[in-house]
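S.K.: This is the structure I want to talk about, given as structure tokens.
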2 protein chains.
Amino acid sequence: MELKEIIRCACGDLPADLLITGGRLLNVFSGDILTGNIAVKNGVIAGIGDYRSHHTVDLDGRFVVPGFIDAHVHIESSMTGVSEFARAIVPHGTTTVVADPHEIANVLGVEGIRYMLSVSNGAPINVYFMLSSCVPATNMETAGARLTTDDLRPLIHEERILGLAEMMNFPGVLSADPEVLRKIAMAQEARKPIDGHSPGLLGVALNAYVAAGISSDHECTTVGEAREKLQAGMHVMVREGTAAKNLAALLPLVDPHTCRRMMWCTDDRHPHDLLAEGHIDFIVRSAIGQGLDPIIAVQMATINPAEYFGLKHLGAIAPGRQADFLILDDLKELDVTQVYRRGQLVANGGRMIGEDMRPQPDYPPRVMKLIPEAIDFSIPARGRSMRVIDIVPDQIITREVIVPVSIEDGLAVASPQRDILKIAVVDRYSGTGRTGLAFVRGLGLEKGALASSVAHDSHNIIVIGVDDHDMSIALQTVAENGGGLTVISEGLPRALLPLPIAGLMSDAPMEKVCQHFDNLNSVVGLLGSPLKNVFMNLSFLALPVIPKLKITDRGLVDVEKFERVPLFVD
Amino acid sequence: MELKEIIRCACGDLPADLLITGGRLLNVFSGDILTGNIAVKNGVIAGIGDYRSHHTVDLDGRFVVPGFIDAHVHIESSMTGVSEFARAIVPHGTTTVVADPHEIANVLGVEGIRYMLSVSNGAPINVYFMLSSCVPATNMETAGARLTTDDLRPLIHEERILGLAEMMNFPGVLSADPEVLRKIAMAQEARKPIDGHSPGLLGVALNAYVAAGISSDHECTTVGEAREKLQAGMHVMVREGTAAKNLAALLPLVDPHTCRRMMWCTDDRHPHDLLAEGHIDFIVRSAIGQGLDPIIAVQMATINPAEYFGLKHLGAIAPGRQADFLILDDLKELDVTQVYRRGQLVANGGRMIGEDMRPQPDYPPRVMKLIPEAIDFSIPARGRSMRVIDIVPDQIITREVIVPVSIEDGLAVASPQRDILKIAVVDRYSGTGRTGLAFVRGLGLEKGALASSVAHDSHNIIVIGVDDHDMSIALQTVAENGGGLTVISEGLPRALLPLPIAGLMSDAPMEKVCQHFDNLNSVVGLLGSPLKNVFMNLSFLALPVIPKLKITDRGLVDVEKFERVPLFVD
């Protein structure tokens with residue numbers, strides 16, 4: 001029996017599998033740096049003290065800290081599968097992630113969550129999940145799934161399911177929507193936490209949201225907001241992702257009293273940032289660089305999320321805890337030189353050990369129920385003026401502008417000289433071919449077309465172009481690949497990143513994904529666009545919960561009014 | 001639906017049942033003192049802010065702190081039933097206790113635990129239980145029950161069962177005893193904590209104990225011991241009871257880093273101390289008086305135990321939490337003037353509200369399987385020297401002395417002029433009348449006899465006396481009352497405290513219990529004893545896990561050798 005062996009090893013009656021000597025150990029419980037040898041048995045820390053082992057590693061005074069935990073992440077945002085994601089972040093010291101499979105759940109429902117559970121099972125990282133609470137995000141679009149309490153209930157007691165994921169539907173909470181309350185009750189009955197998502201929610205509305213049982217938030221952007229949420233009893237996750245960066249703003253809130261209920265998360269972090277900057281180590285390093293006590297910075301990456309999520313076997317270098325720890329030359333520079341997981345050296349000098357042995361990932365079912373050739377992108381001109389989605393560079397909000405319609409042969413057409421392109425969102429789930437059609441300003445494309453199957457949150461296929469033929473080829477290219485990003489010009493694909501895993505994730509190494517992504521962007525630049533990350537903008541144009549004017553497969557949506565609006569205004 | 005109403009109240013759409021205005025609220029999350037009005041709906045705090053209510057209480061700047069939590073207590077030590085215990089401690093601000101029903105479990109097994117669950121159900125206090133892990137304490141005595149994992153398993157998922165109680169059997173843990181590991185696994189599978197009990201356990205043995213899954217300790221007596229346990233990952237409960245007082249010794253360990261994993265407990269606190277000094281309020285007040293930051297002192301009485309035990313609805317004044325809070329005139333003096341539980345004023349000025357309405361308590365089955373008249377206290381003299389239990393005043397340890405035997409008519413008899421009395425422990429469970437007989441020195445009794453059914457941990461009946469007749473009357477008196485403490489002289493009861501609840505607890509008010517107790521002690525004094533609390537000494541003479549010489553119904557036990565030894569040595 002495994003525990004018996006660990007107890008015998010702890011007692012000194014069995015030799016350890018691994019003995020780490022000469023380290024300076026960060027004790028997250030007392031806040032001290034201690035000396036002592038770490039004895040590992042069966043992947044678990046048996047004890048700190050004088051032990052014997054056949055395999056000893058001497059650290060010569062280097063530092064040992066517990067493996068880092070990302071408290072909230074959408075793995076899909078890395079655009080790679082779980083094993084590639086792990087390969088990118090484990091060398092940076094992240095040994096545990098708590099993931100919300102919200103994107104793949106919108107595409108594949110429970111099957112998507114089970115797929116993520118399955119492929120993460122043997123990954124060289126501890127992957128836990130929260131159950132996506134808000135699938136689909138709205139009723140104004142066709143999604144791949146609708147997850148009810150009854151759908152989620154069979155999963156809530158699974159060991160690697162830690163609770164209910166970010167409850168974005170705060171209006172549903174505040175109105176005491178019965179189905180929302182059922183989901184909350186399900187998690188509470190399982191004694192598992194419920195993450196929040198409530199940007200800017202304060203005062204009485206915040207009280208109601210917390211009273212309903214929501215116990216964390218990662219959307220704070222100011223100290224005032226974060227303090228009010230913390231004082232209301234929420235655990236505050238400080239997010240430093242690719243698009244949303246809140247570290248500098250929230251750091252002043254961290255003090256010896258507040259820190260125990262604060263932790264780090266990345267939420268969404270794109271491949272370039274993961275490779276260039278790192279992951280939780282980047283946040284810890286940045287926080288220390290901005291003046292935070294390294295002890296507290298590490299606690300927020302380790303014991304704090306472990307306690308919040310009830311992961312009693314993680315987050316500390318102590319007897320009985322999983323032997324996940326990092327070797328650092330220096331506590332301030334926070335350069336992770338070695339990473340141990342379950343007592344095995346899994347990364348060294350920024351690279352995974354034995355990375356070639358990565359198994360071929362499984363694939364979930366292909367979800368691409370549409371006939372690209374059958375989609376008609378033409379728009380009969382039914383007015384002289386129309387609403388146009390106006391892109392705001394580097395932001396995910398849009399504006400609405402009213403412009404004259406360009407008409408050719410009775411059809412409303414793109415007008416690249418005015419930077420007005422046609423946009424389509426094509427349902428890829430129901431087989432109806434339902435297509436929302438409108439126009440968008442601000443991409444700067446002079447010719448060709450783009451398409452993407454990454455279109456939050458339903459991830460239908462979004463197509464933008466100057467002419468219908470290139471748009472059709474773009475749609476066809478994405479569909480043929482089971483999903484992806486592409487740029488078409490003169491009827492030919494000029495760049496392509498296939499995303500065969502649910503249309504969201506690549507099966508290629510992350511470095512390859514970055515290369516493809518760079519190539520996509522440079523081709524888009526050649527076609528005239530000034531935007532640096534046009535596919536990021538694309539991915540939010542179909543999200544009808546972010547103001548102002550968005551588009552789904554059912555047409556234009558005025559998000560502020562939360563209703564569909566017609567294209568033509570007169 | 002209750003939650004729906006709380007949400008509506010939090011949103012301001014329904015009036016609160018109670019509004020507390022003008023208070024200074026201690027926020028245990030941020031460590032701040034805040035202003036704001038507390039809105040209570042259905043016994044729950046709906047929110048802090050601007051709310052309306054038909055019933056408003058203005059505090060005029062007084063302080064509000066969350067209700068206090070006792071992290072580890074044996075209610076039986078109060079010698080009163082649960083409702084009387086509550087009546088004594090609620091006015092002192094304790095609104096929640098986490099109890100180990102170890103004593104009644106030794107008498108009545110699972111039925112005793114279920115009795116405590118039942119009678120505490122309607123009590124004006126939140127009573128939670130840990131499942132007693134070590135019943136019986138040893139195999140060298142007859143106990144009322146033997147609790148195996150299979151016995152405990154049906155209880156572990158009950159809402160008011162929080163985990164496994166103090167694992168006193170640390171040798172069993174260190175030797176990986178299969179039944180001990182089964183109990184641990186049962187609690188871990190239920191995701192519930194396992195309390196420890198490991199006085200002086202350090203080094204590799206501590207590592208093994210913690211690695212096995214034990215997550216707290218309340219037996220630390222020095223800063224060094226407590227620091228090592230905390231650094232190993234244990235939550236440290238600082239105990240300040242009647243016999244064991246560790247506050248002053250452990251206070252230097254409490255700092256902003258360590259405090260989050262520290263909390264207060266009383267363990268065993270006798271009626272006199274409860275009435276005269278108080279309960280957790282006494283500890284908090286003492287800690288502040290000794291220099292601890294009042295914020296930290298209150299956190300250790302509120303949010304810290306709430307987090308450790310997974311009581312997400314307790315420990316703070318925040319939305320969604322049960323409306324248990326205390327009104328104080330001053331944070332340093334810590335005089336609890338009003339106590340609210342579930343939004344109701346339950347105590348005012350040190351007294352319960354409506355205390356006369358206390359329902360008559362239920363009684364568990366009577367456990368007194370013996371025929372007092374049939375017990376023979378005579379000891380045939382089988383040697384010239386004998387081992388005698390030597391009492392150490394004010395301590396629960398004893399010594400062993402070898403003395404000449406006083407012989408009359410071939411029988412070994414008491415010798416009051418040498419302060420040597422006869423002692424008997426009579427099995428009250430099996431009906432065999434099995435009686436262990438020996439002698440004890442240090443009580444100073446010149447005549448008469450004492451008897452008690454409080455005799456840790458098996459709680460057989462212990463009888464001490466100068467002559468066999470008085471001893472027989474003493475046993476008879478205790479048995480007739482279903483348990484109790486008595487003093488007999490010249491064949492008549494001179495003082496009596498009946499303990500009809502399992503032979504451990506009175507059904508009288510605590511003040512009455514104290515009067516009876518004082519009376520018992522003064523009669524014992526009149527009979528010549530210099531001991532101040534002779535029944536406390538008595539209660540540990542049958543506990544064969546505390547050195548050196550003890551007695552059970554099976555005879556003398558040398559605790560250091562952990563084996564039975566004969567009375568006569570030559």
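Naming works like this for the structure tokens: A, B, ... for the chains as they're shown, residue 1 at the start of each chain, ligands 1 onward in shown order.
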Could you name the residues that touch Asn27 (chain A) at 8 Å or less, counting only C-alpha atoms, but leaving out those on the same chain fewer than 2 positions away, as a ChimeraX atom specification?
M.R.: /A:25,29-34,65,316-317 /B:231
S.K.: Kindly save the residues from that selection, with all heavy atoms included, as a PDB file, in the first residue's frame.
M.R.:
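File produced: out.pdb:
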```pdb
ATOM      1  N   LEU A  25      14.723  26.094   1.691  1.00  0.00           N
ATOM      2  CA  LEU A  25      13.325  25.779   1.381  1.00  0.00           C
ATOM      3  C   LEU A  25      12.405  26.897   1.838  1.00  0.00           C
ATOM      4  O   LEU A  25      12.446  27.310   2.994  1.00  0.00           O
ATOM      5  CB  LEU A  25      12.904  24.478   2.083  1.00  0.00           C
ATOM      6  CG  LEU A  25      13.920  23.334   2.131  1.00  0.00           C
ATOM      7  CD1 LEU A  25      13.303  22.116   2.809  1.00  0.00           C
ATOM      8  CD2 LEU A  25      14.385  22.978   0.730  1.00  0.00           C
ATOM      9  N   PHE A  29       4.025  28.136   5.130  1.00  0.00           N
ATOM     10  CA  PHE A  29       3.181  28.219   6.325  1.00  0.00           C
ATOM     11  C   PHE A  29       3.699  29.251   7.318  1.00  0.00           C
ATOM     12  O   PHE A  29       2.936  29.995   7.909  1.00  0.00           O
ATOM     13  CB  PHE A  29       3.084  26.853   7.011  1.00  0.00           C
ATOM     14  CG  PHE A  29       2.604  25.769   6.096  1.00  0.00           C
ATOM     15  CD1 PHE A  29       3.368  24.643   5.855  1.00  0.00           C
ATOM     16  CD2 PHE A  29       1.377  25.890   5.460  1.00  0.00           C
ATOM     17  CE1 PHE A  29       2.922  23.642   5.015  1.00  0.00           C
ATOM     18  CE2 PHE A  29       0.922  24.897   4.602  1.00  0.00           C
ATOM     19  CZ  PHE A  29       1.704  23.773   4.380  1.00  0.00           C
ATOM     20  N   SER A  30       5.019  29.264   7.523  1.00  0.00           N
ATOM     21  CA  SER A  30       5.592  30.184   8.502  1.00  0.00           C
ATOM     22  C   SER A  30       6.241  31.393   7.844  1.00  0.00           C
ATOM     23  O   SER A  30       6.588  32.353   8.519  1.00  0.00           O
ATOM     24  CB  SER A  30       6.634  29.451   9.352  1.00  0.00           C
ATOM     25  OG  SER A  30       7.749  29.078   8.554  1.00  0.00           O
ATOM     26  N   GLY A  31       6.415  31.339   6.517  1.00  0.00           N
ATOM     27  CA  GLY A  31       7.078  32.442   5.830  1.00  0.00           C
ATOM     28  C   GLY A  31       8.577  32.472   6.041  1.00  0.00           C
ATOM     29  O   GLY A  31       9.222  33.504   5.859  1.00  0.00           O
ATOM     30  N   ASP A  32       9.133  31.333   6.422  1.00  0.00           N
ATOM     31  CA  ASP A  32      10.579  31.265   6.666  1.00  0.00           C
ATOM     32  C   ASP A  32      11.299  30.582   5.510  1.00  0.00           C
ATOM     33  O   ASP A  32      10.708  29.797   4.770  1.00  0.00           O
ATOM     34  CB  ASP A  32      10.853  30.444   7.936  1.00  0.00           C
ATOM     35  CG  ASP A  32      10.336  31.129   9.179  1.00  0.00           C
ATOM     36  OD1 ASP A  32      10.621  32.331   9.339  1.00  0.00           O
ATOM     37  OD2 ASP A  32       9.645  30.474   9.977  1.00  0.00           O
ATOM     38  N   ILE A  33      12.592  30.861   5.409  1.00  0.00           N
ATOM     39  CA  ILE A  33      13.476  30.094   4.544  1.00  0.00           C
ATOM     40  C   ILE A  33      14.217  29.125   5.455  1.00  0.00           C
ATOM     41  O   ILE A  33      14.943  29.551   6.360  1.00  0.00           O
ATOM     42  CB  ILE A  33      14.488  31.001   3.814  1.00  0.00           C
ATOM     43  CG1 ILE A  33      13.771  32.135   3.065  1.00  0.00           C
ATOM     44  CG2 ILE A  33      15.365  30.160   2.885  1.00  0.00           C
ATOM     45  CD1 ILE A  33      12.984  31.714   1.871  1.00  0.00           C
ATOM     46  N   LEU A  34      14.045  27.832   5.229  1.00  0.00           N
ATOM     47  CA  LEU A  34      14.603  26.816   6.125  1.00  0.00           C
ATOM     48  C   LEU A  34      15.621  25.955   5.399  1.00  0.00           C
ATOM     49  O   LEU A  34      15.554  25.792   4.178  1.00  0.00           O
ATOM     50  CB  LEU A  34      13.475  25.911   6.639  1.00  0.00           C
ATOM     51  CG  LEU A  34      12.306  26.619   7.334  1.00  0.00           C
ATOM     52  CD1 LEU A  34      11.197  25.621   7.641  1.00  0.00           C
ATOM     53  CD2 LEU A  34      12.771  27.300   8.610  1.00  0.00           C
ATOM     54  N   VAL A  65      11.108  26.130  -3.975  1.00  0.00           N
ATOM     55  CA  VAL A  65       9.758  26.633  -3.687  1.00  0.00           C
ATOM     56  C   VAL A  65       8.751  25.627  -4.244  1.00  0.00           C
ATOM     57  O   VAL A  65       9.081  24.847  -5.142  1.00  0.00           O
ATOM     58  CB  VAL A  65       9.510  28.040  -4.306  1.00  0.00           C
ATOM     59  CG1 VAL A  65      10.547  29.040  -3.832  1.00  0.00           C
ATOM     60  CG2 VAL A  65       9.471  27.974  -5.830  1.00  0.00           C
ATOM     61  N   ALA A 316       2.736  23.208  -1.120  1.00  0.00           N
ATOM     62  CA  ALA A 316       3.716  23.380  -0.046  1.00  0.00           C
ATOM     63  C   ALA A 316       4.760  22.272  -0.120  1.00  0.00           C
ATOM     64  O   ALA A 316       4.509  21.209  -0.692  1.00  0.00           O
ATOM     65  CB  ALA A 316       3.023  23.342   1.316  1.00  0.00           C
ATOM     66  N   ILE A 317       5.907  22.570   0.461  1.00  0.00           N
ATOM     67  CA  ILE A 317       6.942  21.543   0.622  1.00  0.00           C
ATOM     68  C   ILE A 317       6.818  21.036   2.044  1.00  0.00           C
ATOM     69  O   ILE A 317       7.351  21.617   2.982  1.00  0.00           O
ATOM     70  CB  ILE A 317       8.340  22.140   0.349  1.00  0.00           C
ATOM     71  CG1 ILE A 317       8.387  22.691  -1.078  1.00  0.00           C
ATOM     72  CG2 ILE A 317       9.419  21.084   0.556  1.00  0.00           C
ATOM     73  CD1 ILE A 317       9.588  23.539  -1.369  1.00  0.00           C
TER      74      ILE A 317
ATOM     75  N   GLN B 231       5.145  24.381  10.537  1.00  0.00           N
ATOM     76  CA  GLN B 231       5.970  24.315   9.331  1.00  0.00           C
ATOM     77  C   GLN B 231       5.792  22.993   8.590  1.00  0.00           C
ATOM     78  O   GLN B 231       6.024  22.911   7.387  1.00  0.00           O
ATOM     79  CB  GLN B 231       7.445  24.538   9.695  1.00  0.00           C
ATOM     80  CG  GLN B 231       7.722  26.002  10.057  1.00  0.00           C
ATOM     81  CD  GLN B 231       9.135  26.240  10.530  1.00  0.00           C
ATOM     82  OE1 GLN B 231       9.829  25.320  10.967  1.00  0.00           O
ATOM     83  NE2 GLN B 231       9.575  27.498  10.450  1.00  0.00           N
TER      84      GLN B 231
END
```
S.K.: Write out as a list in words which residues come within 9 Å of Asp330 (chain B) when counting only C-alpha atoms, dropping same-chain ones fewer than 4 positions away.
M.R.: Arg62, Phe63, Leu334, Asp335 and Val336 of chain B
S.K.: Selection from above, N, CA, C and O atoms, as an mmCIF file, in the first residue's frame, can you write it?
M.R.:
```
data_model
loop_
_atom_site.group_PDB
_atom_site.id
_atom_site.type_symbol
_atom_site.label_atom_id
_atom_site.label_comp_id
_atom_site.auth_asym_id
_atom_site.auth_seq_id
_atom_site.Cartn_x
_atom_site.Cartn_y
_atom_site.Cartn_z
ATOM 1 N N ARG B 62 -20.442 51.209 18.454
ATOM 2 C CA ARG B 62 -19.863 50.020 19.085
ATOM 3 C C ARG B 62 -19.339 49.047 18.026
ATOM 4 O O ARG B 62 -19.621 49.184 16.842
ATOM 5 N N PHE B 63 -18.580 48.070 18.469
ATOM 6 C CA PHE B 63 -17.910 47.158 17.535
ATOM 7 C C PHE B 63 -18.751 45.922 17.267
ATOM 8 O O PHE B 63 -19.483 45.452 18.141
ATOM 9 N N LEU B 334 -12.790 43.605 25.145
ATOM 10 C CA LEU B 334 -13.515 42.468 24.605
ATOM 11 C C LEU B 334 -14.637 41.992 25.532
ATOM 12 O O LEU B 334 -14.773 40.807 25.845
ATOM 13 N N ASP B 335 -15.424 42.945 25.944
ATOM 14 C CA ASP B 335 -16.594 42.627 26.746
ATOM 15 C C ASP B 335 -17.766 42.396 25.805
ATOM 16 O O ASP B 335 -18.242 43.309 25.151
ATOM 17 N N VAL B 336 -18.220 41.163 25.718
ATOM 18 C CA VAL B 336 -19.317 40.810 24.807
ATOM 19 C C VAL B 336 -20.628 41.258 25.440
ATOM 20 O O VAL B 336 -21.046 40.703 26.455
#
```
S.K.: For chain B, work out the contacting residues on chain A at 6 Å, counting only C-alpha atoms, and write them as a ChimeraX atom specification.
M.R.: /A:4,7,10-11,29-31,47,176,204-205,207-208,210-211,231-232,257-258,318-320
S.K.: Find the distance between CA of Arg384 (chain B) and CA of Pro530 (chain B) and write it in Å to one decimal.
M.R.: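 Taking CA of Arg384 (chain B) as the start and CA of Pro530 (chain B) as the end point, the length is 28.7 Å.
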S.K.: Please return, as JSON, numbers by chain, all residues of region 354-533 of chain A that DSSP assigns to helix (DSSP H, G or I) on the basis of the backbone.
M.R.: {"A": [355, 356, 357, 372, 373, 374, 416, 417, 418, 468, 469, 470, 471, 472, 473, 474, 475, 476, 477, 478, 479, 480, 510, 511, 512, 513, 514, 515, 516, 517, 518, 519, 520, 521, 522, 523, 524, 525, 526]}
S.K.: Running DSSP on the backbone, which parts of region 46-295 of chain B land in strand (DSSP E), as a VMD selection string?
M.R.: chain B and resid 46 to 48 56 to 58 63 to 66 68 to 73 94 to 99 126 to 131 161 to 167 194 to 196 216 to 217 235 to 239 262 to 265
S.K.: Hey, which of A:Val559, A:Val119, A:Ala495, A:Leu250 ends up closest to Asp362 (chain A)? Count only C-alpha atoms.
M.R.: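 Nearest to Asp362 (chain A): A:Val119.
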S.K.: Calculated over only C-alpha atoms, which of the candidates A:Val236, A:Met79, A:Ala39, A:Ala71 has the smallest distance to Pro500 (chain A)?
M.R.: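 The answer is A:Met79, which sits nearest to Pro500 (chain A).
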S.K.: From the set B:Val569, B:Met140, B:Val413, B:Leu496, which residue has the shortest atom-to-atom contact distance to Gly555 (chain B), counting only C-alpha atoms?
M.R.: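 So, comparing all the options, the nearest one is B:Met140.
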S.K.: Using only C-alpha atoms, determine which residues lie at most 7 Å from Val426 (chain B), disregarding the query and same-chain residues fewer than 3 positions distant; provide the list as a VMD selection string.
M.R.: chain B and resid 433 to 436 460 to 462 553
S.K.: Those residues with N, CA, C and O atoms, as a short mmCIF file (atom, residue, chain, number, x, y, z; two decimals), in the first residue's frame please?
M.R.:
```cif
data_model
loop_
_atom_site.label_atom_id
_atom_site.label_comp_id
_atom_site.auth_asym_id
_atom_site.auth_seq_id
_atom_site.Cartn_x
_atom_site.Cartn_y
_atom_site.Cartn_z
N GLY B 433 -19.36 -7.52 36.38
CA GLY B 433 -18.93 -7.06 37.70
C GLY B 433 -17.43 -7.07 37.86
O GLY B 433 -16.91 -6.96 38.98
N ARG B 434 -16.69 -7.18 36.76
CA ARG B 434 -15.23 -7.23 36.84
C ARG B 434 -14.72 -5.97 37.57
O ARG B 434 -15.13 -4.85 37.26
N THR B 435 -13.87 -6.20 38.54
CA THR B 435 -13.40 -5.10 39.37
C THR B 435 -11.88 -5.17 39.55
O THR B 435 -11.35 -6.21 39.95
N GLY B 436 -11.20 -4.09 39.20
CA GLY B 436 -9.77 -3.99 39.48
C GLY B 436 -9.59 -3.38 40.86
O GLY B 436 -10.27 -2.41 41.21
N ASN B 460 -15.64 3.75 33.46
CA ASN B 460 -16.15 2.79 34.43
C ASN B 460 -16.30 3.54 35.75
O ASN B 460 -16.02 4.74 35.84
N ILE B 461 -16.74 2.82 36.80
CA ILE B 461 -16.93 3.52 38.07
C ILE B 461 -15.70 3.34 38.94
O ILE B 461 -15.23 2.20 39.17
N ILE B 462 -15.17 4.45 39.38
CA ILE B 462 -13.99 4.42 40.22
C ILE B 462 -14.44 4.71 41.65
O ILE B 462 -15.26 5.61 41.89
N ASP B 553 -10.49 -1.76 35.21
CA ASP B 553 -11.28 -2.86 35.79
C ASP B 553 -10.54 -4.18 35.70
O ASP B 553 -10.94 -5.17 36.30
#
```
S.K.: Would you work out the distance separating CA of Leu247 (chain A) from CA of Pro294 (chain A), expressed in Å to one decimal?
M.R.: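 Computed distance, CA of Leu247 (chain A) to CA of Pro294 (chain A), equals 14.8 Å.
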S.K.: What's the 8 Å shell around Phe377 (chain A), counting only C-alpha atoms, without same-chain residues fewer than 6 positions away, as a PDB file with C-alpha atoms, in the first residue's frame?
M.R.:
```
ATOM      1  CA  ALA A 424     -20.310  36.724 -42.001  1.00  0.00           C
ATOM      2  CA  LEU A 437     -24.288  38.980 -42.645  1.00  0.00           C
ATOM      3  CA  ASP A 468     -17.636  36.918 -51.827  1.00  0.00           C
ATOM      4  CA  MET A 471     -14.826  34.641 -48.460  1.00  0.00           C
ATOM      5  CA  SER A 472     -16.185  31.377 -49.779  1.00  0.00           C
TER       6      SER A 472
END
```
S.K.: What is the CA of Glu400 (chain B) to CA of Gly448 (chain B) distance in Å?
M.R.: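 One can read the CA of Glu400 (chain B) to CA of Gly448 (chain B) distance as 23.8 Å.
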S.K.: Counting only C-alpha atoms, which of A:Glu563, A:Glu277, A:Glu219, A:Asp329 gets nearest to Ala249 (chain A)?
M.R.: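 The closest residue to Ala249 (chain A) is A:Glu219.
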S.K.: Excluding Leu443 (chain B) and residues on its chain fewer than 5 positions from it, collect all residues at most 8 Å away from it, counting only C-alpha atoms, and give them as a ChimeraX atom specification.
M.R.: /B:391,419,421,529-531,534
